[in-house]
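Have a look at query.pdb below; it lists PDB, C-alpha atoms.
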```pdb
MODEL        1
ATOM      1  CA  MET A   1      23.347 -86.989   8.284
ATOM      2  CA  VAL A   2      23.179 -89.815   5.725
ATOM      3  CA  SER A   3      21.743 -93.106   6.935
ATOM      4  CA  ASN A   4      23.774 -96.306   6.625
ATOM      5  CA  THR A   5      20.713 -98.481   6.079
ATOM      6  CA  LYS A   6      20.205-100.315   2.816
ATOM      7  CA  GLN A   7      17.182 -98.158   2.066
ATOM      8  CA  PRO A   8      17.807 -95.369  -0.477
ATOM      9  CA  PHE A   9      18.489 -92.015   1.150
ATOM     10  CA  ILE A  10      16.151 -89.284  -0.139
ATOM     11  CA  SER A  11      16.788 -85.547  -0.328
ATOM     12  CA  VAL A  12      13.578 -83.502  -0.322
ATOM     13  CA  ILE A  13      14.226 -79.973  -1.607
ATOM     14  CA  ILE A  14      11.795 -77.183  -0.687
ATOM     15  CA  PRO A  15      12.290 -73.693  -2.190
ATOM     16  CA  VAL A  16      11.040 -71.110   0.296
ATOM     17  CA  TYR A  17      10.029 -67.488  -0.194
ATOM     18  CA  ASN A  18       7.814 -65.336   2.089
ATOM     19  CA  ILE A  19       5.633 -68.259   3.133
ATOM     20  CA  MET A  20       5.444 -68.082   6.927
ATOM     21  CA  GLU A  21       1.780 -69.055   7.215
ATOM     22  CA  TYR A  22       1.972 -72.299   5.248
ATOM     23  CA  LEU A  23       5.569 -73.460   5.582
ATOM     24  CA  PRO A  24       5.076 -75.356   8.890
ATOM     25  CA  ARG A  25       2.322 -77.499   7.370
ATOM     26  CA  CYS A  26       4.470 -78.265   4.339
ATOM     27  CA  VAL A  27       7.572 -79.182   6.335
ATOM     28  CA  ASP A  28       5.579 -81.183   8.875
ATOM     29  CA  SER A  29       4.036 -83.288   6.085
ATOM     30  CA  VAL A  30       7.535 -84.205   4.884
ATOM     31  CA  CYS A  31       8.970 -84.877   8.333
ATOM     32  CA  ARG A  32       6.022 -87.133   9.212
ATOM     33  CA  GLN A  33       6.674 -89.472   6.307
ATOM     34  CA  THR A  34       6.458 -93.171   7.065
ATOM     35  CA  TYR A  35       9.688 -93.387   5.085
ATOM     36  CA  GLU A  36      12.141 -91.827   7.530
ATOM     37  CA  ASN A  37      15.456 -92.227   5.688
ATOM     38  CA  LEU A  38      15.453 -88.746   4.264
ATOM     39  CA  GLU A  39      16.726 -85.219   4.669
ATOM     40  CA  VAL A  40      14.851 -81.955   4.125
ATOM     41  CA  LEU A  41      16.615 -79.037   2.466
ATOM     42  CA  LEU A  42      14.906 -75.691   3.035
ATOM     43  CA  VAL A  43      16.282 -73.158   0.556
ATOM     44  CA  ASP A  44      15.324 -69.643   1.595
ATOM     45  CA  ASP A  45      15.246 -67.657  -1.642
ATOM     46  CA  GLY A  46      15.815 -64.213  -0.144
ATOM     47  CA  SER A  47      12.654 -63.990   1.967
ATOM     48  CA  THR A  48      11.853 -60.571   3.445
ATOM     49  CA  ASP A  49       9.097 -61.436   5.933
ATOM     50  CA  GLY A  50      10.816 -63.556   8.574
ATOM     51  CA  THR A  51      10.490 -66.840   6.706
ATOM     52  CA  GLY A  52      14.260 -67.300   6.833
ATOM     53  CA  ALA A  53      14.208 -67.223  10.638
ATOM     54  CA  LEU A  54      11.248 -69.618  10.643
ATOM     55  CA  CYS A  55      13.299 -72.075   8.617
ATOM     56  CA  GLU A  56      15.987 -72.018  11.303
ATOM     57  CA  GLU A  57      13.371 -72.627  14.012
ATOM     58  CA  LEU A  58      11.940 -75.593  12.124
ATOM     59  CA  ALA A  59      15.435 -77.053  11.714
ATOM     60  CA  LYS A  60      15.857 -77.095  15.505
ATOM     61  CA  LYS A  61      12.919 -79.484  15.788
ATOM     62  CA  ASP A  62      14.277 -82.161  13.419
ATOM     63  CA  GLU A  63      17.931 -82.953  12.780
ATOM     64  CA  ARG A  64      17.092 -84.076   9.256
ATOM     65  CA  ILE A  65      16.346 -80.470   8.228
ATOM     66  CA  ARG A  66      19.120 -78.360   6.716
ATOM     67  CA  VAL A  67      18.656 -74.679   5.862
ATOM     68  CA  PHE A  68      20.304 -72.600   3.151
ATOM     69  CA  HIS A  69      19.884 -68.878   2.532
ATOM     70  CA  LYS A  70      20.461 -67.152  -0.791
ATOM     71  CA  GLU A  71      19.625 -63.993  -2.682
ATOM     72  CA  ASN A  72      16.291 -64.059  -4.475
ATOM     73  CA  GLY A  73      16.615 -65.784  -7.815
ATOM     74  CA  GLY A  74      13.443 -67.793  -8.292
ATOM     75  CA  SER A  75      12.309 -71.347  -7.652
ATOM     76  CA  SER A  76      14.655 -72.956 -10.175
ATOM     77  CA  SER A  77      17.752 -71.345  -8.708
ATOM     78  CA  ALA A  78      16.647 -72.409  -5.209
ATOM     79  CA  ARG A  79      16.096 -75.986  -6.383
ATOM     80  CA  ASN A  80      19.479 -76.003  -8.092
ATOM     81  CA  LEU A  81      21.215 -74.854  -4.922
ATOM     82  CA  GLY A  82      19.456 -77.641  -3.051
ATOM     83  CA  ILE A  83      20.620 -80.184  -5.622
ATOM     84  CA  ALA A  84      24.202 -78.975  -5.197
ATOM     85  CA  HIS A  85      24.057 -79.677  -1.446
ATOM     86  CA  ALA A  86      21.826 -82.768  -1.444
ATOM     87  CA  LYS A  87      23.253 -86.032  -0.101
ATOM     88  CA  GLY A  88      20.531 -88.395  -1.250
ATOM     89  CA  SER A  89      20.587 -90.997  -3.994
ATOM     90  CA  PHE A  90      17.071 -89.856  -4.937
ATOM     91  CA  PHE A  91      15.620 -86.344  -5.049
ATOM     92  CA  GLY A  92      12.105 -85.166  -4.280
ATOM     93  CA  PHE A  93      10.730 -81.621  -4.572
ATOM     94  CA  VAL A  94       7.878 -79.989  -2.684
ATOM     95  CA  ASP A  95       6.550 -76.448  -3.135
ATOM     96  CA  SER A  96       6.234 -74.583   0.148
ATOM     97  CA  ASP A  97       2.502 -73.896  -0.360
ATOM     98  CA  ASP A  98       1.745 -77.593  -0.665
ATOM     99  CA  TYR A  99       1.737 -80.713   1.489
ATOM    100  CA  ILE A 100       2.001 -84.454   0.951
ATOM    101  CA  GLU A 101       0.445 -87.661   2.229
ATOM    102  CA  PRO A 102       2.380 -89.488   4.986
ATOM    103  CA  ASP A 103       3.134 -92.528   2.817
ATOM    104  CA  MET A 104       4.030 -90.731  -0.416
ATOM    105  CA  TYR A 105       7.761 -91.349  -0.411
ATOM    106  CA  GLU A 106       7.416 -94.873   0.954
ATOM    107  CA  ARG A 107       5.151 -95.736  -1.978
ATOM    108  CA  LEU A 108       7.490 -94.111  -4.485
ATOM    109  CA  VAL A 109      10.564 -95.926  -3.120
ATOM    110  CA  GLN A 110       8.725 -99.246  -3.234
ATOM    111  CA  ALA A 111       7.646 -98.644  -6.826
ATOM    112  CA  ILE A 112      11.177 -97.762  -7.926
ATOM    113  CA  SER A 113      12.550-100.880  -6.238
ATOM    114  CA  GLU A 114       9.830-103.151  -7.610
ATOM    115  CA  LYS A 115       9.974-101.897 -11.197
ATOM    116  CA  ASP A 116      13.685-101.023 -11.297
ATOM    117  CA  CYS A 117      12.964 -97.518 -12.606
ATOM    118  CA  LEU A 118      14.801 -94.231 -12.142
ATOM    119  CA  ILE A 119      11.637 -92.100 -11.790
ATOM    120  CA  ALA A 120       8.365 -92.779  -9.980
ATOM    121  CA  GLN A 121       5.367 -90.496  -9.683
ATOM    122  CA  VAL A 122       2.100 -90.320  -7.785
ATOM    123  CA  GLY A 123      -1.140 -88.470  -8.503
ATOM    124  CA  ARG A 124      -1.824 -84.934  -7.330
ATOM    125  CA  ASP A 125      -5.007 -83.085  -6.560
ATOM    126  CA  GLU A 126      -5.530 -79.345  -6.353
ATOM    127  CA  LEU A 127      -7.305 -77.513  -3.552
ATOM    128  CA  ASP A 128      -8.444 -73.909  -3.168
ATOM    129  CA  GLU A 129      -8.180 -71.827  -0.003
ATOM    130  CA  ASN A 130     -11.454 -73.249   1.287
ATOM    131  CA  GLY A 131     -10.259 -76.825   0.893
ATOM    132  CA  LYS A 132     -12.486 -77.391  -2.132
ATOM    133  CA  LYS A 133     -11.091 -79.873  -4.621
ATOM    134  CA  LEU A 134     -10.522 -78.402  -8.071
ATOM    135  CA  PRO A 135     -10.823 -80.409 -11.319
ATOM    136  CA  ASP A 136      -7.912 -82.760 -11.920
ATOM    137  CA  VAL A 137      -5.294 -81.546 -14.368
ATOM    138  CA  CYS A 138      -3.867 -85.060 -14.741
ATOM    139  CA  ASN A 139      -5.646 -88.295 -13.932
ATOM    140  CA  PRO A 140      -3.610 -90.945 -12.107
ATOM    141  CA  PRO A 141      -3.857 -94.534 -13.370
ATOM    142  CA  LYS A 142      -6.237 -96.963 -11.695
ATOM    143  CA  GLU A 143      -3.315 -99.288 -10.991
ATOM    144  CA  MET A 144       0.473 -99.079 -11.141
ATOM    145  CA  TYR A 145       1.686 -98.549 -14.692
ATOM    146  CA  VAL A 146       5.168 -98.288 -16.179
ATOM    147  CA  TYR A 147       5.433 -95.857 -19.076
ATOM    148  CA  SER A 148       8.252 -96.160 -21.560
ATOM    149  CA  ALA A 149      10.021 -92.863 -22.239
ATOM    150  CA  GLU A 150       8.207 -92.564 -25.575
ATOM    151  CA  GLU A 151       4.818 -93.338 -24.045
ATOM    152  CA  PHE A 152       5.284 -90.719 -21.350
ATOM    153  CA  LEU A 153       6.465 -88.104 -23.826
ATOM    154  CA  ARG A 154       3.344 -88.799 -25.866
ATOM    155  CA  GLU A 155       1.221 -88.153 -22.773
ATOM    156  CA  LEU A 156       2.984 -84.823 -22.275
ATOM    157  CA  LEU A 157       2.526 -83.819 -25.912
ATOM    158  CA  LEU A 158      -1.204 -84.500 -25.622
ATOM    159  CA  HIS A 159      -1.391 -82.562 -22.315
ATOM    160  CA  LYS A 160      -2.387 -85.703 -20.429
ATOM    161  CA  GLY A 161       0.832 -86.355 -18.522
ATOM    162  CA  ASP A 162       2.135 -84.718 -15.354
ATOM    163  CA  CYS A 163       5.452 -82.921 -15.865
ATOM    164  CA  SER A 164       5.715 -81.666 -12.273
ATOM    165  CA  PHE A 165       8.794 -82.773 -10.341
ATOM    166  CA  CYS A 166       6.826 -82.315  -7.106
ATOM    167  CA  THR A 167       4.903 -85.540  -7.682
ATOM    168  CA  LYS A 168       8.041 -87.512  -8.463
ATOM    169  CA  LEU A 169      11.029 -89.235  -6.912
ATOM    170  CA  VAL A 170      14.011 -89.005  -9.274
ATOM    171  CA  CYS A 171      17.330 -90.832  -9.225
ATOM    172  CA  ARG A 172      20.293 -88.568  -8.575
ATOM    173  CA  SER A 173      22.123 -89.890 -11.643
ATOM    174  CA  LEU A 174      19.604 -88.222 -13.956
ATOM    175  CA  PHE A 175      20.729 -84.812 -12.712
ATOM    176  CA  ALA A 176      24.306 -85.364 -13.906
ATOM    177  CA  GLY A 177      24.885 -82.372 -16.173
ATOM    178  CA  GLN A 178      21.216 -81.388 -15.848
ATOM    179  CA  ARG A 179      19.645 -78.583 -13.827
ATOM    180  CA  PHE A 180      16.401 -76.628 -13.803
ATOM    181  CA  PRO A 181      16.627 -73.772 -16.319
ATOM    182  CA  GLU A 182      16.688 -70.440 -14.515
ATOM    183  CA  GLY A 183      14.918 -67.267 -15.542
ATOM    184  CA  VAL A 184      12.131 -69.101 -17.394
ATOM    185  CA  LEU A 185       8.747 -70.585 -16.546
ATOM    186  CA  ASN A 186       7.489 -74.116 -17.292
ATOM    187  CA  GLU A 187      10.913 -75.290 -16.182
ATOM    188  CA  ASP A 188       9.679 -78.692 -15.034
ATOM    189  CA  PHE A 189       8.529 -79.620 -18.525
ATOM    190  CA  HIS A 190      11.816 -78.455 -20.006
ATOM    191  CA  LEU A 191      13.980 -80.541 -17.672
ATOM    192  CA  LEU A 192      11.787 -83.648 -17.604
ATOM    193  CA  VAL A 193      11.715 -83.908 -21.398
ATOM    194  CA  GLN A 194      15.502 -83.647 -21.422
ATOM    195  CA  MET A 195      15.737 -86.444 -18.847
ATOM    196  CA  LEU A 196      13.301 -88.880 -20.428
ATOM    197  CA  ARG A 197      15.761 -90.391 -22.879
ATOM    198  CA  ALA A 198      18.076 -91.445 -20.041
ATOM    199  CA  SER A 199      15.317 -92.413 -17.606
ATOM    200  CA  GLY A 200      14.202 -95.604 -19.296
ATOM    201  CA  GLY A 201      10.620 -94.727 -18.386
ATOM    202  CA  ILE A 202       8.458 -93.692 -15.452
ATOM    203  CA  VAL A 203       6.415 -95.808 -13.053
ATOM    204  CA  SER A 204       3.117 -94.116 -12.198
ATOM    205  CA  LEU A 205       1.084 -94.935  -9.081
ATOM    206  CA  PRO A 206      -2.668 -94.754  -8.521
ATOM    207  CA  GLY A 207      -4.237 -92.390  -6.044
ATOM    208  CA  TYR A 208      -3.214 -88.981  -4.754
ATOM    209  CA  GLY A 209      -0.112 -88.368  -2.681
ATOM    210  CA  TYR A 210       0.581 -84.704  -3.387
ATOM    211  CA  HIS A 211      -1.762 -81.814  -2.590
ATOM    212  CA  VAL A 212      -1.377 -78.587  -4.562
ATOM    213  CA  PHE A 213      -2.693 -75.631  -2.573
ATOM    214  CA  TYR A 214      -3.817 -72.590  -4.534
ATOM    215  CA  ARG A 215      -3.995 -69.391  -2.535
ATOM    216  CA  VAL A 216      -4.554 -65.774  -3.515
ATOM    217  CA  GLY A 217      -1.185 -64.079  -4.009
ATOM    218  CA  SER A 218       0.829 -67.305  -4.129
ATOM    219  CA  ASN A 219       4.457 -66.529  -4.861
ATOM    220  CA  THR A 220       5.040 -69.878  -6.493
ATOM    221  CA  ARG A 221       2.004 -69.904  -8.749
ATOM    222  CA  LYS A 222       0.743 -66.373  -9.215
ATOM    223  CA  ALA A 223       0.120 -65.283 -12.768
ATOM    224  CA  ASP A 224      -0.573 -61.573 -13.061
ATOM    225  CA  LYS A 225      -0.922 -59.622 -16.287
ATOM    226  CA  GLU A 226       2.829 -59.143 -16.543
ATOM    227  CA  ASP A 227       3.445 -62.898 -16.274
ATOM    228  CA  PHE A 228       1.082 -64.027 -19.029
ATOM    229  CA  PRO A 229       3.260 -63.098 -22.044
ATOM    230  CA  ARG A 230       6.280 -64.715 -20.413
ATOM    231  CA  VAL A 231       4.414 -67.908 -19.474
ATOM    232  CA  TYR A 232       3.153 -68.539 -22.968
ATOM    233  CA  ALA A 233       6.355 -67.381 -24.656
ATOM    234  CA  ASP A 234       8.238 -70.025 -22.662
ATOM    235  CA  CYS A 235       5.626 -72.588 -23.711
ATOM    236  CA  VAL A 236       6.414 -71.834 -27.354
ATOM    237  CA  ASP A 237      10.139 -72.243 -26.669
ATOM    238  CA  ASN A 238       9.412 -75.620 -25.064
ATOM    239  CA  ALA A 239       7.433 -76.644 -28.141
ATOM    240  CA  ASP A 240      10.440 -75.893 -30.342
ATOM    241  CA  MET A 241      12.733 -77.781 -27.983
ATOM    242  CA  VAL A 242      10.574 -80.897 -27.822
ATOM    243  CA  SER A 243      10.044 -80.862 -31.594
ATOM    244  CA  LYS A 244      13.794 -81.290 -32.069
ATOM    245  CA  ILE A 245      13.886 -84.138 -29.541
ATOM    246  CA  VAL A 246      11.043 -85.917 -31.331
ATOM    247  CA  GLU A 247      12.783 -85.507 -34.672
ATOM    248  CA  GLU A 248      16.020 -86.953 -33.287
ATOM    249  CA  SER A 249      14.742 -89.727 -31.037
ATOM    250  CA  TYR A 250      10.988 -90.336 -31.381
ATOM    251  CA  PRO A 251       9.954 -90.061 -35.066
ATOM    252  CA  GLY A 252       6.783 -91.989 -34.281
ATOM    253  CA  LEU A 253       5.511 -88.981 -32.317
ATOM    254  CA  LYS A 254       5.646 -86.417 -35.136
ATOM    255  CA  LYS A 255       1.862 -86.003 -35.287
ATOM    256  CA  GLU A 256       1.654 -85.514 -31.527
ATOM    257  CA  ALA A 257       4.546 -83.035 -31.655
ATOM    258  CA  LEU A 258       2.788 -81.051 -34.387
ATOM    259  CA  ARG A 259      -0.344 -80.955 -32.276
ATOM    260  CA  PHE A 260       1.704 -79.711 -29.303
ATOM    261  CA  GLY A 261       3.403 -77.025 -31.382
ATOM    262  CA  ILE A 262       0.098 -75.718 -32.738
ATOM    263  CA  PHE A 263      -1.639 -75.848 -29.355
ATOM    264  CA  GLN A 264       1.155 -73.964 -27.574
ATOM    265  CA  ARG A 265       1.182 -71.232 -30.227
ATOM    266  CA  LEU A 266      -2.569 -70.839 -30.080
ATOM    267  CA  GLU A 267      -2.310 -70.379 -26.312
ATOM    268  CA  TYR A 268       0.368 -67.737 -26.851
ATOM    269  CA  LEU A 269      -1.769 -65.848 -29.374
ATOM    270  CA  LEU A 270      -4.860 -66.083 -27.180
ATOM    271  CA  HIS A 271      -3.086 -64.433 -24.249
ATOM    272  CA  ILE A 272      -0.512 -62.058 -25.683
ATOM    273  CA  PRO A 273      -1.424 -58.342 -25.280
ATOM    274  CA  VAL A 274      -2.684 -56.906 -28.562
ATOM    275  CA  SER A 275      -0.058 -54.165 -28.237
ATOM    276  CA  ARG A 276       2.657 -56.813 -28.698
ATOM    277  CA  MET A 277       1.178 -58.219 -31.891
ATOM    278  CA  ASN A 278       3.533 -56.343 -34.229
ATOM    279  CA  ARG A 279       6.618 -56.793 -36.391
ATOM    280  CA  GLN A 280       8.947 -55.856 -33.562
ATOM    281  CA  ASN A 281       7.884 -58.987 -31.667
ATOM    282  CA  GLY A 282       9.717 -61.770 -33.461
ATOM    283  CA  GLN A 283       8.015 -64.552 -31.524
ATOM    284  CA  TYR A 284       4.591 -63.279 -32.510
ATOM    285  CA  GLY A 285       5.571 -63.352 -36.171
ATOM    286  CA  GLN A 286       7.076 -66.817 -35.782
ATOM    287  CA  CYS A 287       3.869 -68.151 -34.231
ATOM    288  CA  VAL A 288       1.668 -66.846 -37.020
ATOM    289  CA  SER A 289       4.065 -68.153 -39.669
ATOM    290  CA  PHE A 290       4.146 -71.591 -38.013
ATOM    291  CA  LEU A 291       0.351 -71.820 -37.922
ATOM    292  CA  ARG A 292       0.064 -70.831 -41.552
ATOM    293  CA  LYS A 293       2.742 -73.292 -42.615
ATOM    294  CA  HIS A 294       1.129 -76.165 -40.715
ATOM    295  CA  PHE A 295      -2.501 -75.141 -41.224
ATOM    296  CA  TRP A 296      -3.623 -78.215 -43.158
ATOM    297  CA  GLY A 297      -1.677 -80.554 -40.895
ATOM    298  CA  GLY A 298      -3.523 -79.050 -37.969
ATOM    299  CA  MET A 299      -6.911 -79.262 -39.631
ATOM    300  CA  ILE A 300      -6.569 -82.998 -40.261
ATOM    301  CA  SER A 301      -4.937 -83.712 -36.882
ATOM    302  CA  PRO A 302      -6.901 -86.236 -34.797
ATOM    303  CA  TYR A 303      -5.407 -84.681 -31.651
ATOM    304  CA  LEU A 304      -6.765 -81.125 -31.970
ATOM    305  CA  SER A 305     -10.303 -80.413 -30.780
ATOM    306  CA  ALA A 306     -12.942 -78.660 -32.864
ATOM    307  CA  LYS A 307     -12.374 -75.560 -30.722
ATOM    308  CA  ASN A 308      -8.608 -75.724 -31.394
ATOM    309  CA  LYS A 309      -9.294 -75.921 -35.120
ATOM    310  CA  ARG A 310     -11.680 -72.959 -35.027
ATOM    311  CA  ASN A 311      -8.995 -70.925 -33.290
ATOM    312  CA  LEU A 312      -6.442 -72.115 -35.822
ATOM    313  CA  ILE A 313      -8.594 -70.869 -38.702
ATOM    314  CA  ALA A 314      -9.198 -67.543 -36.974
ATOM    315  CA  PHE A 315      -5.555 -66.820 -36.201
ATOM    316  CA  VAL A 316      -4.367 -67.850 -39.640
ATOM    317  CA  ILE A 317      -6.842 -65.440 -41.267
ATOM    318  CA  ALA A 318      -6.789 -62.485 -38.851
ATOM    319  CA  PRO A 319      -4.468 -62.852 -35.819
ATOM    320  CA  LYS A 320      -4.943 -59.424 -34.264
ATOM    321  CA  GLY A 321      -8.690 -59.248 -34.863
ATOM    322  CA  SER A 322      -9.143 -62.742 -33.399
ATOM    323  CA  ARG A 323      -7.180 -61.760 -30.295
ATOM    324  CA  GLN A 324      -9.286 -58.631 -29.828
ATOM    325  CA  LEU A 325     -12.522 -60.605 -30.113
ATOM    326  CA  HIS A 326     -11.222 -63.182 -27.637
ATOM    327  CA  GLY A 327     -10.322 -60.432 -25.164
ATOM    328  CA  LYS A 328     -13.763 -58.823 -25.438
ATOM    329  CA  TYR A 329     -15.458 -62.184 -24.932
ATOM    330  CA  PHE A 330     -13.616 -62.821 -21.665
ATOM    331  CA  ALA A 331     -14.104 -59.241 -20.509
ATOM    332  CA  ARG A 332     -17.896 -59.647 -20.882
ATOM    333  CA  ARG A 333     -17.793 -63.084 -19.285
ATOM    334  CA  PHE A 334     -16.252 -61.838 -16.031
ATOM    335  CA  LEU A 335     -18.223 -58.577 -15.652
TER     336      LEU A 335
ENDMDL
END
```
Just dump the structure as structure tokens.
Amino acid sequence: MVSNTKQPFISVIIPVYNIMEYLPRCVDSVCRQTYENLEVLLVDDGSTDGTGALCEELAKKDERIRVFHKENGGSSSARNLGIAHAKGSFFGFVDSDDYIEPDMYERLVQAISEKDCLIAQVGRDELDENGKKLPDVCNPPKEMYVYSAEEFLRELLLHKGDCSFCTKLVCRSLFAGQRFPEGVLNEDFHLLVQMLRASGGIVSLPGYGYHVFYRVGSNTRKADKEDFPRVYADCVDNADMVSKIVEESYPGLKKEALRFGIFQRLEYLLHIPVSRMNRQNGQYGQCVSFLRKHFWGGMISPYLSAKNKRNLIAFVIAPKGSRQLHGKYFARRFL
């Protein structure tokens, strides 16, 4: 049911998969928003533990909740199905492990109206299973700040900005012809960078409105040994993608883009299994070649740390040996 009020109607899309214990808290935090002109789309991504039935029960308690069931295809495919059925003029996204502050969407709507922006974001904190606050990944501003598209891209390239769609409210128009890439990881970064040119910028709010909950065995955030190569391989692909965007639209960010490209490849080489460091792995060879080609640019970069530069030297000289030493160091560290 779409409201006829003058307030923007928001669609909050929640991908759901085998999350019975935490889903009620997540959904309740959205339904209790001080901004009531919204709908909640629960997209059951092929759950096998009764979560699908729980979604239906939750929908009976609030007419604003709509439920969709689909075969398992991952978070991006669930979000994309939600987008296809959403009625709102703005979209929000919440992961089913997490929960949000009661005034989050009210603050975001006010910021969008006040600053005439298409995207607004709020800060997020991260909590472990015991409720202990983890170190911030991104620091929210001390007061409201409007980033230009180029400024925000620079923040992302320096790993200071927040690419998560969960902390944001995004105008529907930005999704025209755009969807979350499926079958890859780091999909939020990929889509947000594509959107920035059309967004006109992002208004960022102080404080924390979104709470990321890390739990053992999380389906939305687990990273086992099989995931690591894929995670970092997708990061390298994103580095190539954003490098082209910088070349076409933001030439003033070439140094930051080089830093990003080197950093992402170092992360890949630090985590790839040694068994995959061979000629048959084209991405491995491409990473080493890139680092060697841009070695001096990296060494004089003001944006790479001393540790980054030490790793750069090591992987340019002896990639496989450096990876083996790194693996032994961490093995000893966690004994």
I'd like to know which of A:Gln33, A:Ser76, A:Pro319, A:Glu21 is closest to Asp49 in chain A, using all atoms listed in the file.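 For Asp49 in chain A, the nearest of the candidates is A:Glu21.
With CA of Glu36 in chain A on one side and CA of Val122 in chain A on the other, the separation reads 18.4 Å.
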Could you check the closest approach to Phe9 in chain A for each of A:Glu114, A:Val170, A:Asn130, A:Glu56 and tell me which residue wins, using only C-alpha atoms?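 Among the listed residues, the smallest separation from Phe9 in chain A belongs to A:Val170.
All residues of protein, DNA or RNA that reach within 12 Å of Cys31 in chain A, judged by only C-alpha atoms and not counting those fewer than 4 positions away in the chain, are A:Ile10, A:Ser11, A:Val12, A:Pro24, A:Arg25, A:Cys26, A:Val27, A:Tyr35, A:Glu36, A:Asn37, A:Leu38, A:Glu39, A:Val40, A:Leu41, A:Leu58, A:Ala59, A:Lys61, A:Asp62, A:Glu63, A:Arg64, A:Ile65, A:Tyr99, A:Ile100, A:Glu101, A:Pro102, A:Asp103, A:Met104, A:Tyr105.
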Distance criterion (only C-alpha atoms): nearest to Ser204 in chain A out of A:Leu108, A:Cys166, A:Cys171, A:Met241: A:Leu108
List the spatial neighbours of Lys133 in chain A as number ranges by chain - criterion: any atom at most 12 Å away, only C-alpha atoms, same-chain residues fewer than 2 positions off excluded. A: 124-131, 135-137, 211-214
Rounded to one decimal, what separation in Å do you get between CA of Glu151 in chain A and CA of Ser301 in chain A?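 CA of Glu151 in chain A sits 18.8 Å away from CA of Ser301 in chain A.
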What residues come out when you apply the PyMOL selection byres ((chain A and resi 262) around 9) to this file, written as an MDAnalysis selection string? chainID A and resid 239 257:261 263:267 287 290:291 294:295 298 304 308 312
Using the chain letters and numbers from the file, which residues does the PyMOL selection byres ((chain A and resi 78) around 12) grab, as a PDB file with C-alpha atoms, in the coordinates of the input?
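So out14.pdb came out as:
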```pdb
ATOM      1  CA  ILE A  13      14.226 -79.973  -1.607  1.00  0.00           C
ATOM      2  CA  ILE A  14      11.795 -77.183  -0.687  1.00  0.00           C
ATOM      3  CA  PRO A  15      12.290 -73.693  -2.190  1.00  0.00           C
ATOM      4  CA  VAL A  16      11.040 -71.110   0.296  1.00  0.00           C
ATOM      5  CA  TYR A  17      10.029 -67.488  -0.194  1.00  0.00           C
ATOM      6  CA  LEU A  41      16.615 -79.037   2.466  1.00  0.00           C
ATOM      7  CA  LEU A  42      14.906 -75.691   3.035  1.00  0.00           C
ATOM      8  CA  VAL A  43      16.282 -73.158   0.556  1.00  0.00           C
ATOM      9  CA  ASP A  44      15.324 -69.643   1.595  1.00  0.00           C
ATOM     10  CA  ASP A  45      15.246 -67.657  -1.642  1.00  0.00           C
ATOM     11  CA  GLY A  46      15.815 -64.213  -0.144  1.00  0.00           C
ATOM     12  CA  SER A  47      12.654 -63.990   1.967  1.00  0.00           C
ATOM     13  CA  VAL A  67      18.656 -74.679   5.862  1.00  0.00           C
ATOM     14  CA  PHE A  68      20.304 -72.600   3.151  1.00  0.00           C
ATOM     15  CA  HIS A  69      19.884 -68.878   2.532  1.00  0.00           C
ATOM     16  CA  LYS A  70      20.461 -67.152  -0.791  1.00  0.00           C
ATOM     17  CA  GLU A  71      19.625 -63.993  -2.682  1.00  0.00           C
ATOM     18  CA  ASN A  72      16.291 -64.059  -4.475  1.00  0.00           C
ATOM     19  CA  GLY A  73      16.615 -65.784  -7.815  1.00  0.00           C
ATOM     20  CA  GLY A  74      13.443 -67.793  -8.292  1.00  0.00           C
ATOM     21  CA  SER A  75      12.309 -71.347  -7.652  1.00  0.00           C
ATOM     22  CA  SER A  76      14.655 -72.956 -10.175  1.00  0.00           C
ATOM     23  CA  SER A  77      17.752 -71.345  -8.708  1.00  0.00           C
ATOM     24  CA  ARG A  79      16.096 -75.986  -6.383  1.00  0.00           C
ATOM     25  CA  ASN A  80      19.479 -76.003  -8.092  1.00  0.00           C
ATOM     26  CA  LEU A  81      21.215 -74.854  -4.922  1.00  0.00           C
ATOM     27  CA  GLY A  82      19.456 -77.641  -3.051  1.00  0.00           C
ATOM     28  CA  ILE A  83      20.620 -80.184  -5.622  1.00  0.00           C
ATOM     29  CA  ALA A  84      24.202 -78.975  -5.197  1.00  0.00           C
ATOM     30  CA  HIS A  85      24.057 -79.677  -1.446  1.00  0.00           C
ATOM     31  CA  PHE A  93      10.730 -81.621  -4.572  1.00  0.00           C
ATOM     32  CA  VAL A  94       7.878 -79.989  -2.684  1.00  0.00           C
ATOM     33  CA  ASP A  95       6.550 -76.448  -3.135  1.00  0.00           C
ATOM     34  CA  SER A  96       6.234 -74.583   0.148  1.00  0.00           C
ATOM     35  CA  ARG A 179      19.645 -78.583 -13.827  1.00  0.00           C
ATOM     36  CA  PHE A 180      16.401 -76.628 -13.803  1.00  0.00           C
ATOM     37  CA  PRO A 181      16.627 -73.772 -16.319  1.00  0.00           C
ATOM     38  CA  GLU A 182      16.688 -70.440 -14.515  1.00  0.00           C
ATOM     39  CA  GLY A 183      14.918 -67.267 -15.542  1.00  0.00           C
ATOM     40  CA  THR A 220       5.040 -69.878  -6.493  1.00  0.00           C
TER      41      THR A 220
END
```
Have a look at CA of Cys163 in chain A and CA of Ala111 in chain A and let me know their distance in Å, one decimal.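 CA of Ala111 in chain A lies at a distance of 18.3 Å from CA of Cys163 in chain A.
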Residues matched by the PyMOL selection byres ((chain A and resi 20) around 8) as a list in words: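 Checked against the file, the PyMOL selection byres ((chain A and resi 20) around 8) matches Asn18, Ile19, Glu21, Tyr22, Leu23, Pro24, Asp49, Gly50, Thr51 and Leu54 of chain A.
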From the list A:Leu158, A:Leu269, A:Ala198, A:Gly297, which residue is nearest Ala314 in chain A when using all atoms listed in the file?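 Nearest candidate to Ala314 in chain A out of A:Leu158, A:Leu269, A:Ala198, A:Gly297: A:Leu269.
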